[in-house]
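**Student:** You'll find query39.tsv just under this line, and it carries TSV, C-alpha atoms.
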```tsv
chain	number	residue	atom	x	y	z
O	278	MET	CA	0.00	0.00	0.00
O	279	LYS	CA	0.91	3.65	-0.26
O	280	PHE	CA	0.99	6.21	2.53
O	281	GLY	CA	-0.22	9.78	2.64
O	282	ILE	CA	-0.19	12.48	5.30
O	283	PHE	CA	-3.21	14.69	5.90
O	284	TYR	CA	-3.55	18.32	6.97
O	285	GLU	CA	-6.52	20.26	8.35
O	286	LEU	CA	-4.17	22.85	9.89
O	287	GLN	CA	-5.94	22.69	13.25
O	288	LEU	CA	-5.35	25.49	15.74
O	289	PRO	CA	-7.17	25.18	19.08
O	290	ARG	CA	-7.66	28.23	21.28
O	291	PRO	CA	-6.26	30.27	22.93
O	292	TRP	CA	-4.71	31.97	19.91
O	293	GLN	CA	-1.53	33.98	20.33
O	294	GLU	CA	0.17	36.33	17.88
O	295	GLY	CA	2.33	34.31	15.51
O	296	ASP	CA	0.49	31.01	16.03
O	297	GLU	CA	-0.89	30.81	12.49
O	298	HIS	CA	2.48	31.69	10.97
O	299	ARG	CA	4.17	28.97	13.02
O	300	LEU	CA	1.42	26.48	12.16
O	301	TYR	CA	1.94	26.96	8.43
O	302	LEU	CA	5.74	26.86	8.59
O	303	ASN	CA	5.73	23.72	10.74
O	304	ALA	CA	3.34	21.94	8.38
O	305	LEU	CA	5.51	22.80	5.39
O	306	GLU	CA	8.57	21.50	7.23
O	307	GLN	CA	6.71	18.27	8.02
O	308	ILE	CA	5.78	17.76	4.36
O	309	ALA	CA	9.37	18.41	3.28
O	310	LEU	CA	10.49	15.80	5.81
O	311	ALA	CA	7.87	13.32	4.55
O	312	ASP	CA	9.16	13.86	1.02
O	313	ARG	CA	12.71	13.01	2.08
O	314	LEU	CA	11.47	9.95	3.99
O	315	GLY	CA	9.62	8.51	1.00
O	316	TYR	CA	5.95	9.11	1.82
O	317	ASP	CA	3.75	8.97	-1.27
O	318	HIS	CA	1.12	11.73	-0.85
O	319	ALA	CA	0.43	14.90	1.13
O	320	TRP	CA	-3.27	15.89	1.27
O	321	GLN	CA	-4.56	19.35	2.18
O	322	VAL	CA	-8.19	20.28	2.95
O	323	GLU	CA	-10.25	23.30	2.01
O	324	HIS	CA	-12.43	24.64	4.82
O	325	HIS	CA	-13.90	28.04	5.57
O	326	PHE	CA	-14.89	29.73	8.85
O	327	LEU	CA	-14.28	26.61	11.01
O	328	GLU	CA	-12.21	28.38	13.69
O	329	GLU	CA	-10.29	25.81	15.76
O	330	TYR	CA	-11.07	22.90	13.45
O	331	SER	CA	-9.26	24.10	10.31
O	332	HIS	CA	-7.23	27.13	9.24
O	333	SER	CA	-6.92	25.97	5.63
O	334	PRO	CA	-9.13	28.03	3.29
O	335	SER	CA	-6.54	28.28	0.50
O	336	PRO	CA	-4.98	24.85	-0.12
O	337	GLU	CA	-3.72	25.86	-3.56
O	338	SER	CA	-1.42	28.45	-1.93
O	339	PHE	CA	-0.18	26.02	0.71
O	340	LEU	CA	0.43	23.19	-1.78
O	341	ALA	CA	2.22	25.57	-4.15
O	342	ALA	CA	4.60	26.44	-1.31
O	343	ALA	CA	5.02	22.71	-0.56
O	344	SER	CA	5.80	22.04	-4.22
O	345	GLN	CA	8.93	24.19	-3.95
O	346	ARG	CA	10.15	22.35	-0.85
O	347	THR	CA	9.66	18.80	-2.20
O	348	ARG	CA	10.70	16.64	-5.14
O	349	GLN	CA	8.79	13.34	-5.15
O	350	ILE	CA	5.72	13.39	-2.89
O	351	ARG	CA	2.36	13.75	-4.64
O	352	LEU	CA	0.45	16.91	-3.60
O	353	GLY	CA	-3.27	16.36	-3.22
O	354	HIS	CA	-6.30	18.56	-2.73
O	355	GLY	CA	-8.31	16.73	-0.16
O	356	ILE	CA	-10.55	18.39	-1.24
O	357	VAL	CA	-11.41	21.39	-3.47
O	358	GLN	CA	-14.95	22.50	-2.67
O	359	LEU	CA	-16.66	22.58	-6.05
O	360	THR	CA	-19.74	24.11	-4.45
O	361	THR	CA	-17.94	27.28	-3.34
O	362	ASN	CA	-15.50	27.75	-6.26
O	363	HIS	CA	-16.19	28.55	-9.89
O	364	PRO	CA	-15.04	25.69	-12.18
O	365	ALA	CA	-12.79	28.01	-14.22
O	366	ARG	CA	-10.94	29.15	-11.11
O	367	VAL	CA	-10.52	25.52	-10.05
O	368	ALA	CA	-9.11	24.59	-13.46
O	369	GLU	CA	-6.68	27.52	-13.39
O	370	ARG	CA	-5.42	26.77	-9.89
O	371	ILE	CA	-5.07	23.02	-10.43
O	372	ALA	CA	-3.16	23.49	-13.68
O	373	THR	CA	-0.87	26.04	-12.04
O	374	LEU	CA	-0.09	23.69	-9.15
O	375	ASP	CA	0.54	20.85	-11.59
O	376	LEU	CA	3.06	22.98	-13.46
O	377	LEU	CA	4.78	24.24	-10.30
O	378	SER	CA	5.05	20.68	-8.93
O	379	SER	CA	6.25	19.18	-12.24
O	380	GLY	CA	3.16	17.01	-12.56
O	381	ARG	CA	2.59	15.93	-8.94
O	382	CYS	CA	-0.91	17.34	-8.39
O	383	GLU	CA	-3.88	15.15	-7.36
O	384	LEU	CA	-7.37	16.66	-7.66
O	385	GLY	CA	-9.68	15.65	-4.85
O	386	MET	CA	-13.15	17.20	-5.08
O	387	GLY	CA	-16.09	17.51	-2.72
O	388	GLU	CA	-19.26	19.36	-1.74
O	389	SER	CA	-18.70	20.45	1.89
O	390	ALA	CA	-20.98	19.09	4.62
O	391	SER	CA	-21.44	22.28	6.64
O	392	ILE	CA	-24.03	25.03	6.30
O	393	THR	CA	-21.51	27.30	8.05
O	394	GLU	CA	-19.28	27.00	4.98
O	395	LEU	CA	-21.94	26.88	2.27
O	396	GLU	CA	-24.31	29.63	3.40
O	397	PRO	CA	-21.93	32.61	2.93
O	398	PHE	CA	-21.38	31.49	-0.66
O	399	GLY	CA	-25.12	31.32	-1.35
O	400	VAL	CA	-25.24	27.51	-1.50
O	401	ALA	CA	-28.03	25.47	0.12
O	402	MET	CA	-27.48	22.00	1.58
O	403	GLU	CA	-30.31	20.48	-0.45
O	404	ASN	CA	-28.82	21.24	-3.87
O	405	LYS	CA	-25.08	20.89	-3.21
O	406	ARG	CA	-24.90	17.48	-4.92
O	407	GLU	CA	-26.34	18.78	-8.19
O	408	ILE	CA	-23.99	21.78	-8.04
O	409	PHE	CA	-21.07	19.41	-7.55
O	410	GLU	CA	-22.05	17.21	-10.48
O	411	GLU	CA	-22.54	20.17	-12.81
O	412	ALA	CA	-19.22	21.66	-11.70
O	413	VAL	CA	-17.43	18.43	-12.69
O	414	ARG	CA	-19.08	18.52	-16.12
O	415	ALA	CA	-18.00	22.13	-16.58
O	416	LEU	CA	-14.49	21.64	-15.18
O	417	ILE	CA	-13.15	18.65	-17.11
O	418	PRO	CA	-13.29	20.20	-20.63
O	419	MET	CA	-11.27	23.17	-19.33
O	420	PHE	CA	-8.22	20.90	-18.91
O	421	LYS	CA	-8.24	19.90	-22.58
O	422	ASP	CA	-6.42	21.69	-25.39
O	423	GLY	CA	-8.51	24.47	-26.90
O	424	PRO	CA	-11.35	26.60	-25.53
O	425	SER	CA	-14.47	25.31	-23.79
O	426	GLU	CA	-17.86	26.57	-22.70
O	427	HIS	CA	-20.63	25.48	-20.35
O	428	HIS	CA	-24.24	26.60	-20.03
O	429	GLY	CA	-26.09	25.03	-17.13
O	430	LYS	CA	-28.34	25.68	-14.17
O	431	HIS	CA	-25.61	26.79	-11.75
O	432	PHE	CA	-22.73	27.86	-14.00
O	433	ASP	CA	-22.77	29.80	-17.25
O	434	MET	CA	-19.38	29.99	-18.93
O	435	PRO	CA	-18.96	31.56	-22.38
O	436	LEU	CA	-16.44	30.14	-24.81
O	437	ARG	CA	-13.01	30.85	-23.36
O	438	MET	CA	-9.49	29.43	-23.43
O	439	VAL	CA	-8.77	28.47	-19.82
O	440	VAL	CA	-5.01	28.70	-19.25
O	441	PRO	CA	-2.64	27.34	-18.18
O	442	LYS	CA	-3.15	23.66	-18.98
O	443	PRO	CA	-1.94	20.95	-16.58
O	444	LEU	CA	1.32	19.12	-17.19
O	445	GLN	CA	-0.34	15.73	-16.59
O	446	LYS	CA	-2.42	14.58	-19.53
O	447	PRO	CA	-5.32	14.54	-19.88
O	448	HIS	CA	-5.53	15.94	-16.32
O	449	PRO	CA	-4.35	15.19	-12.76
O	450	PRO	CA	-5.89	12.08	-11.11
O	451	LEU	CA	-9.46	12.68	-9.92
O	452	TRP	CA	-10.71	11.84	-6.42
O	453	VAL	CA	-13.91	12.48	-4.48
O	454	ALA	CA	-14.30	12.88	-0.72
O	455	CYS	CA	-16.60	10.39	0.97
O	456	SER	CA	-17.57	9.70	4.58
O	457	GLN	CA	-20.58	7.46	4.00
O	458	LEU	CA	-21.12	4.27	2.04
O	459	GLU	CA	-23.55	6.02	-0.33
O	460	THR	CA	-20.88	8.51	-1.41
O	461	LEU	CA	-18.23	5.81	-1.54
O	462	ALA	CA	-20.33	3.85	-4.03
O	463	LYS	CA	-20.84	7.05	-6.02
O	464	CYS	CA	-17.06	7.47	-6.27
O	465	GLY	CA	-16.89	4.03	-7.84
O	466	GLU	CA	-19.82	4.73	-10.17
O	467	TRP	CA	-18.20	7.99	-11.27
O	468	GLY	CA	-14.89	6.20	-11.89
O	469	MET	CA	-12.98	8.46	-9.51
O	470	GLY	CA	-10.70	7.67	-6.60
O	471	ALA	CA	-12.36	7.56	-3.16
O	472	LEU	CA	-10.91	9.67	-0.36
O	473	GLY	CA	-12.49	8.03	2.68
O	474	PHE	CA	-12.81	10.61	5.44
O	475	GLN	CA	-14.38	8.16	7.87
O	476	PHE	CA	-12.26	6.58	10.56
O	477	VAL	CA	-13.11	2.96	9.90
O	478	SER	CA	-11.70	-0.17	11.44
O	479	ALA	CA	-9.67	-2.70	9.49
O	480	ASP	CA	-12.74	-4.94	9.33
O	481	ALA	CA	-14.80	-2.10	7.90
O	482	ALA	CA	-12.08	-1.39	5.35
O	483	HIS	CA	-12.81	-4.77	3.75
O	484	ALA	CA	-16.42	-3.71	3.21
O	485	TRP	CA	-15.43	-0.28	1.87
O	486	VAL	CA	-13.02	-1.79	-0.66
O	487	HIS	CA	-15.57	-4.31	-1.93
O	488	ALA	CA	-18.36	-1.73	-2.16
O	489	TYR	CA	-16.11	0.68	-4.07
O	490	TYR	CA	-14.65	-1.73	-6.62
O	491	ASN	CA	-17.99	-3.43	-7.28
O	492	ALA	CA	-19.46	-0.02	-8.13
O	493	PHE	CA	-16.40	0.89	-10.21
O	494	VAL	CA	-16.47	-2.33	-12.25
O	495	LYS	CA	-20.17	-3.15	-12.50
O	496	ARG	CA	-22.09	0.13	-12.32
O	497	GLN	CA	-19.74	2.81	-13.66
O	498	LYS	CA	-21.42	5.91	-15.07
O	499	LYS	CA	-19.00	8.80	-15.49
O	500	LEU	CA	-20.12	12.41	-15.09
O	501	ALA	CA	-18.00	13.59	-18.05
O	502	ASP	CA	-15.25	12.52	-20.40
O	503	TYR	CA	-12.29	12.02	-18.07
O	504	GLN	CA	-9.66	9.43	-17.25
O	505	THR	CA	-10.78	7.08	-14.47
O	506	ASN	CA	-8.80	6.64	-11.27
O	507	PRO	CA	-9.43	3.29	-9.52
O	508	ASN	CA	-8.07	3.98	-6.05
O	509	ILE	CA	-9.39	4.01	-2.50
O	510	ALA	CA	-7.61	5.86	0.31
O	511	LEU	CA	-8.73	5.80	3.94
O	512	VAL	CA	-7.73	8.29	6.64
O	513	SER	CA	-6.54	7.01	10.01
O	514	PHE	CA	-5.48	8.75	13.19
O	515	PHE	CA	-1.75	8.31	13.62
O	516	MET	CA	1.07	8.64	16.11
O	517	CYS	CA	4.12	6.40	16.18
O	518	ALA	CA	6.46	6.32	19.21
O	519	LYS	CA	8.76	3.83	20.88
O	520	THR	CA	5.98	2.46	23.10
O	521	ASP	CA	2.18	2.35	22.94
O	522	GLU	CA	1.97	4.42	26.12
O	523	GLU	CA	4.21	7.16	24.76
O	524	ALA	CA	2.30	7.26	21.47
O	525	ARG	CA	-1.03	7.70	23.28
O	526	GLU	CA	0.39	10.48	25.45
O	527	ARG	CA	1.54	12.30	22.32
O	528	ALA	CA	-1.71	11.75	20.36
O	529	ASP	CA	-4.18	13.68	22.48
O	530	GLY	CA	-4.85	15.99	19.53
O	531	ASP	CA	-6.36	13.07	17.61
O	532	THR	CA	-9.12	12.82	20.21
O	533	PHE	CA	-9.66	16.58	20.01
O	534	PHE	CA	-10.11	16.16	16.26
O	535	GLN	CA	-12.83	13.57	16.85
O	536	PHE	CA	-14.48	15.68	19.53
O	537	ALA	CA	-14.66	18.82	17.40
O	538	LEU	CA	-15.91	16.91	14.37
O	539	ARG	CA	-18.69	15.21	16.31
O	540	PHE	CA	-19.58	18.30	18.36
O	541	TYR	CA	-20.24	20.35	15.26
O	542	GLY	CA	-21.72	17.52	13.22
O	543	GLN	CA	-24.54	16.42	15.51
O	544	SER	CA	-26.63	19.57	15.15
O	545	THR	CA	-29.68	18.82	13.01
O	546	ASP	CA	-28.98	21.76	10.69
O	547	ARG	CA	-25.21	21.10	10.68
O	548	ARG	CA	-24.69	24.64	11.88
O	549	ARG	CA	-21.76	25.45	14.10
O	550	PRO	CA	-22.25	27.64	17.16
O	551	PRO	CA	-22.32	31.40	16.42
O	552	ALA	CA	-18.92	32.67	15.31
O	553	GLY	CA	-16.46	33.30	18.12
O	554	THR	CA	-18.72	32.05	20.93
O	555	VAL	CA	-17.23	28.63	21.74
O	556	ASN	CA	-13.78	27.74	23.02
O	557	MET	CA	-13.63	24.23	21.62
O	558	TRP	CA	-10.40	23.36	23.42
O	559	ASP	CA	-12.01	24.17	26.78
O	560	GLU	CA	-15.12	22.16	25.85
O	561	TYR	CA	-12.90	19.25	24.87
O	562	ASN	CA	-11.05	19.27	28.17
O	563	LYS	CA	-14.36	19.32	30.07
O	564	TRP	CA	-15.52	16.31	28.10
O	565	LYS	CA	-12.20	14.51	28.61
O	566	LYS	CA	-12.34	15.06	32.39
O	567	ALA	CA	-15.90	13.76	32.56
O	568	ASN	CA	-15.26	10.79	30.24
O	569	PRO	CA	-11.82	9.31	30.96
O	570	GLU	CA	-12.75	5.83	29.73
O	571	ALA	CA	-14.09	7.09	26.39
O	572	HIS	CA	-11.01	9.26	25.97
O	573	ALA	CA	-8.71	6.30	26.62
O	574	ALA	CA	-10.71	4.09	24.25
O	575	SER	CA	-10.40	6.60	21.42
O	576	LEU	CA	-6.61	6.59	21.77
O	577	ARG	CA	-6.54	2.81	21.42
O	578	GLY	CA	-8.02	3.12	17.94
O	579	GLY	CA	-6.43	4.17	14.70
O	580	LEU	CA	-2.72	3.76	14.01
O	581	ILE	CA	-1.50	4.97	17.38
O	582	GLY	CA	1.24	3.00	19.06
O	583	SER	CA	4.68	1.50	18.79
O	584	PRO	CA	6.07	0.38	15.42
O	585	GLU	CA	5.13	-3.22	16.24
O	586	THR	CA	1.55	-2.29	17.21
O	587	ILE	CA	1.07	-0.20	14.08
O	588	ARG	CA	2.63	-2.91	11.92
O	589	ARG	CA	0.15	-5.44	13.28
O	590	LYS	CA	-2.80	-3.13	12.60
O	591	LEU	CA	-1.58	-2.27	9.12
O	592	ARG	CA	-1.34	-5.92	8.15
O	593	ARG	CA	-5.08	-6.17	8.73
O	594	PHE	CA	-5.65	-3.12	6.54
O	595	GLN	CA	-3.33	-4.61	3.94
O	596	SER	CA	-5.43	-7.78	3.79
O	597	SER	CA	-8.40	-5.61	2.81
O	598	ASN	CA	-6.52	-4.36	-0.28
O	599	ILE	CA	-6.63	-0.67	0.62
O	600	ASP	CA	-4.65	1.34	-1.95
O	601	GLN	CA	-3.52	4.07	0.43
O	602	VAL	CA	-3.64	4.81	4.14
O	603	VAL	CA	-3.65	8.54	4.88
O	604	LEU	CA	-2.09	9.36	8.24
O	605	LEU	CA	-3.64	12.15	10.30
O	606	ASN	CA	-0.92	13.39	12.64
O	607	GLN	CA	-1.41	17.17	12.78
O	608	ALA	CA	-4.41	17.53	15.10
O	609	GLY	CA	-5.28	19.47	18.22
O	610	LYS	CA	-2.11	20.45	20.03
O	611	ASN	CA	0.07	17.57	18.88
O	612	SER	CA	3.56	19.06	18.87
O	613	HIS	CA	5.69	19.68	15.79
O	614	GLU	CA	8.56	17.77	17.38
O	615	HIS	CA	6.42	14.70	18.08
O	616	ILE	CA	4.88	14.77	14.59
O	617	CYS	CA	8.33	14.79	12.98
O	618	GLU	CA	9.62	12.02	15.26
O	619	SER	CA	6.52	9.97	14.47
O	620	LEU	CA	7.00	10.36	10.71
O	621	GLU	CA	10.65	9.38	10.98
O	622	LEU	CA	10.11	6.31	13.17
O	623	PHE	CA	7.27	5.00	11.03
O	624	ALA	CA	9.24	5.53	7.81
O	625	ARG	CA	12.26	3.74	9.21
O	626	GLU	CA	10.64	0.76	10.94
O	627	VAL	CA	7.20	0.19	9.38
O	628	MET	CA	6.62	1.76	5.99
O	629	PRO	CA	9.15	-0.17	3.85
O	630	GLU	CA	7.41	-3.52	4.35
O	631	PHE	CA	4.08	-2.24	3.04
O	632	GLN	CA	5.42	-0.10	0.22
O	633	ALA	CA	7.43	-3.09	-1.02
O	634	ALA	CA	4.22	-5.14	-1.20
O	635	HIS	CA	2.42	-2.59	-3.37
O	636	PRO	CA	3.06	-4.45	-6.67
O	637	GLN	CA	1.00	-7.41	-5.36
O	638	LEU	CA	-1.88	-5.02	-4.66
O	639	LEU	CA	-1.65	-3.62	-8.18
O	640	GLN	CA	-1.79	-7.15	-9.57
O	641	TRP	CA	-4.92	-7.92	-7.50
O	642	LYS	CA	-6.52	-4.67	-8.59
O	643	GLN	CA	-5.90	-5.40	-12.27
O	644	GLN	CA	-7.58	-8.79	-11.86
O	645	VAL	CA	-10.58	-7.09	-10.26
O	646	LEU	CA	-10.81	-4.49	-13.03
O	647	ASN	CA	-10.56	-7.26	-15.65
O	648	ARG	CA	-13.40	-9.14	-13.90
O	649	GLU	CA	-11.07	-12.07	-13.22
O	650	ILE	CA	-11.86	-11.82	-9.49
O	651	GLU	CA	-15.46	-11.51	-8.29
O	652	LEU	CA	-15.83	-9.45	-5.12
O	653	GLU	CA	-18.49	-9.91	-2.45
O	654	GLU	CA	-21.45	-7.56	-2.87
O	655	ILE	CA	-21.97	-5.50	0.29
O	656	ASP	CA	-25.46	-5.21	1.79
O	657	THR	CA	-25.65	-1.44	2.13
O	658	SER	CA	-28.69	-1.56	4.43
O	659	ALA	CA	-26.67	-3.50	7.01
O	660	PHE	CA	-23.46	-1.53	6.61
O	661	THR	CA	-24.03	0.94	9.45
O	662	ASP	CA	-24.92	-1.80	11.90
O	663	ARG	CA	-22.19	-4.24	10.92
O	664	TYR	CA	-19.23	-1.91	10.51
O	665	GLY	CA	-18.07	1.06	12.51
O	666	GLY	CA	-15.06	3.29	12.96
O	667	THR	CA	-13.09	4.62	15.89
O	668	MET	CA	-15.24	7.75	16.04
O	669	LYS	CA	-18.02	5.67	17.63
O	670	ALA	CA	-15.89	5.47	20.77
O	671	ILE	CA	-17.07	8.93	21.85
O	672	SER	CA	-20.25	10.96	21.70
O	673	PRO	CA	-18.91	14.38	22.66
O	674	ALA	CA	-21.81	16.64	21.71
O	675	ALA	CA	-24.18	15.06	24.20
O	676	ASP	CA	-21.43	14.68	26.79
O	677	ALA	CA	-20.41	18.33	26.47
O	678	ARG	CA	-23.99	19.46	26.96
O	679	ARG	CA	-24.22	17.34	30.12
O	680	VAL	CA	-21.02	18.89	31.47
O	681	GLN	CA	-22.34	22.38	30.79
O	682	ALA	CA	-25.65	21.55	32.50
O	683	ALA	CA	-23.86	20.19	35.55
O	684	GLU	CA	-21.87	23.40	35.90
```
Just dump the structure as structure tokens.
**Tutor:**
Amino acid sequence: MKFGIFYELQLPRPWQEGDEHRLYLNALEQIALADRLGYDHAWQVEHHFLEEYSHSPSPESFLAAASQRTRQIRLGHGIVQLTTNHPARVAERIATLDLLSSGRCELGMGESASITELEPFGVAMENKREIFEEAVRALIPMFKDGPSEHHGKHFDMPLRMVVPKPLQKPHPPLWVACSQLETLAKCGEWGMGALGFQFVSADAAHAWVHAYYNAFVKRQKKLADYQTNPNIALVSFFMCAKTDEEARERADGDTFFQFALRFYGQSTDRRRPPAGTVNMWDEYNKWKKANPEAHAASLRGGLIGSPETIRRKLRRFQSSNIDQVVLLNQAGKNSHEHICESLELFAREVMPEFQAAHPQLLQWKQQVLNREIELEEIDTSAFTDRYGGTMKAISPAADARRVQAAE
């Protein structure tokens, strides 16, 4: 399998002068280190207005800076929000990054799942999927030689020559963000790579892989004329240290990541609290104090532990034929020093075994795509009940409300 690293650029309160500058410089240093160590991908999100959760509204700027500090690592948008960006601007930025990186750009696309992000751009939750699909149809022709035009419900683009054009032909690899089985199957149907932003177990990974490749092979219906990208990548919390105990001590930010994601996601209208009114780091520490067992359980999940512990967990993922595991290390207040040490230890003691086995995965994948191997069809109605991820270890929104009530 391949390995990526993943960046939300989290910055919990309290905020001090210079914190954002340091956050960006540290992340760029970490990606440069990952490039030297032989990691395969670096993925960067696009989020808007999400305060402590993500300070990454302009991934094209960040990845362009990373392109000048690296030589081999693939630089991925994980993802570009097609609902809040005009397709022509996306095409221009992606092509520019592809040129600056000498053809190392990966184009992950998504809709956004938050009304806090969509509302200021005039986008409603109920029609974001159709906006996304139309944006893909408008975007892809812009990568081709010659001018293009698009006249649709949400975008009206007169005939124009969109420049520059990407170095990779016909375009950089296409991916779609997914956190639910329904979207995962859509990725396969669309013939695009699946960026799985759900923190699933190794057992669940087997189901995700089968659901994706069955859709890709048997029910493919592309949105436009583009080159397919049969790949599935799953994000996992990550911290590698000499012992399991040390890794868990250093990975507290991973639990903050889960807490913030669940806290904001459980509102029925997916609306975050009013801007500037919640100190999420304080809320997290209240929850952690009131729920020590749940906090400890969350740190036992993911790829958190010694090299031997992580190796054992990865072998289970490997048996599911995952193409790429994306390691989430920059979260909460995880320190720059510990993140770098984790990347180095993992690259030295764990990563080579799994990267060396990647040709066998490619052989299996080719047999699946050729219909030489028949995969189990997944019962989607039973998926939620049968398979779960590490995020189910905590229910912070309800717990935080109980802590507030008790005070």
**Student:** Neighbouring residues of Asp312 of chain O were defined as those with any atom within 12 Å, considering only C-alpha atoms; residues of the same chain fewer than 4 positions away were excluded. Please report them as a ChimeraX atom specification.
**Tutor:** /O:280-282,305-308,316-319,343-352,620-621,624
**Student:** Between O:Val645, O:Leu340, O:Cys464, O:Ala501, which has the minimum distance to Ile371 of chain O (counting all atoms listed in the file)?
**Tutor:**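 For Ile371 of chain O, the nearest of the candidates is O:Leu340.
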**Student:** Please identify all polymer residues lying at most 10 Å from the point (-20.1, 25.6, -21.4) (file coordinates), using only C-alpha atoms, and present the result as a PyMOL selection string.
**Tutor:** chain O and resi 414-416+418-419+424-429+432-437
**Student:** Return the single residue from O:Ala372, O:Met278, O:Leu646, O:Met628 that is closest to Val602 of chain O, with distances computed using all atoms listed in the file.
**Tutor:**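 Selected residue with least distance to Val602 of chain O: O:Met278.
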**Student:** Atom CA of Asp521 of chain O and atom CA of Ile509 of chain O are how many Å apart?
**Tutor:**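 It comes out at 28.0 Å.
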**Student:** List as a tab-separated table every residue of segment 567-674 of chain O that is in contact with segment 527-534 of chain O, defined as an atom at most 12 Å from one of its atoms (using only C-alpha atoms), together with the nearest atom pair and the distance in Å rounded to one decimal, sorted by chain and then rising number.
**Tutor:**
```
residue	atom	partner	partner_atom	distance
O:Asn568	CA	O:Thr532	CA	11.9
O:Pro569	CA	O:Thr532	CA	11.6
O:Ala571	CA	O:Thr532	CA	9.8
O:His572	CA	O:Thr532	CA	7.0
O:Ala573	CA	O:Thr532	CA	9.2
O:Ala574	CA	O:Thr532	CA	9.8
O:Ser575	CA	O:Thr532	CA	6.5
O:Leu576	CA	O:Thr532	CA	6.9
O:Arg577	CA	O:Ala528	CA	10.2
O:Gly578	CA	O:Thr532	CA	10.0
O:Gly579	CA	O:Asp531	CA	9.4
O:Leu580	CA	O:Ala528	CA	10.3
O:Ile581	CA	O:Ala528	CA	7.4
O:Gly582	CA	O:Ala528	CA	9.3
O:Ser583	CA	O:Arg527	CA	11.8
O:Leu604	CA	O:Asp531	CA	10.9
O:Leu605	CA	O:Asp531	CA	7.9
O:Asn606	CA	O:Asp531	CA	7.4
O:Gln607	CA	O:Gly530	CA	7.7
O:Ala608	CA	O:Gly530	CA	4.7
O:Gly609	CA	O:Gly530	CA	3.7
O:Lys610	CA	O:Gly530	CA	5.3
O:Asn611	CA	O:Gly530	CA	5.2
O:Ser612	CA	O:Arg527	CA	7.9
O:His613	CA	O:Arg527	CA	10.7
O:Glu614	CA	O:Arg527	CA	10.2
O:His615	CA	O:Arg527	CA	6.9
O:Ile616	CA	O:Arg527	CA	8.8
O:Cys617	CA	O:Arg527	CA	11.8
O:Glu618	CA	O:Arg527	CA	10.7
O:Ser619	CA	O:Arg527	CA	9.6
O:Thr667	CA	O:Thr532	CA	10.1
O:Met668	CA	O:Thr532	CA	9.0
O:Lys669	CA	O:Thr532	CA	11.7
O:Ala670	CA	O:Thr532	CA	10.0
O:Ile671	CA	O:Thr532	CA	9.0
O:Ser672	CA	O:Thr532	CA	11.4
O:Pro673	CA	O:Phe533	CA	9.9
```
**Student:** Looking at only C-alpha atoms, which of O:Glu297, O:Glu403, O:Glu285, O:Glu459 is the one that sits closest to Gly355 of chain O?
**Tutor:**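 Between O:Glu297, O:Glu403, O:Glu285, O:Glu459, the residue approaching Gly355 of chain O most closely is O:Glu285.
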**Student:** Just give me the gap between atom CA of Lys430 of chain O and atom CA of Glu411 of chain O in Å, one decimal is fine.
**Tutor:**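 According to the coordinates, atom CA of Lys430 of chain O and atom CA of Glu411 of chain O are separated by 8.1 Å.
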**Student:** For the point (-5.3, 26.8, 4.9) in the file's frame, write as a list in words all residues with an atom no more than 8 Å away, counting all atoms listed in the file.
**Tutor:** Glu285, Leu286, Gln321, Val322, Glu323, His324, Ser331, His332, Ser333, Pro334, Ser335, Pro336 and Phe339 of chain O
**Student:** Just give me the gap between atom CA of Asn508 of chain O and atom CA of Phe476 of chain O in Å, one decimal is fine.
**Tutor:** 17.3 Å
**Student:** Go through O:Pro450, O:Lys442, O:Tyr503, O:Phe623 one by one, measure the shortest atom-to-atom distance of each to Trp467 of chain O using all atoms listed in the file, and give the residue with the smallest value.
**Tutor:** O:Tyr503
**Student:** Rank nothing, just name the residue among O:Glu383, O:Asp600, O:Glu407, O:Glu294 nearest to Leu511 of chain O, using all atoms listed in the file.
**Tutor:**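 Of O:Glu383, O:Asp600, O:Glu407, O:Glu294, the one nearest Leu511 of chain O, counting all atoms listed in the file, is O:Asp600.
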**Student:** Nearest to Ala471 of chain O among O:Ala311, O:Met438, O:Leu384, O:Leu444, with distances taken over only C-alpha atoms: which residue is it?
**Tutor:**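 Nearest to Ala471 of chain O: O:Leu384.
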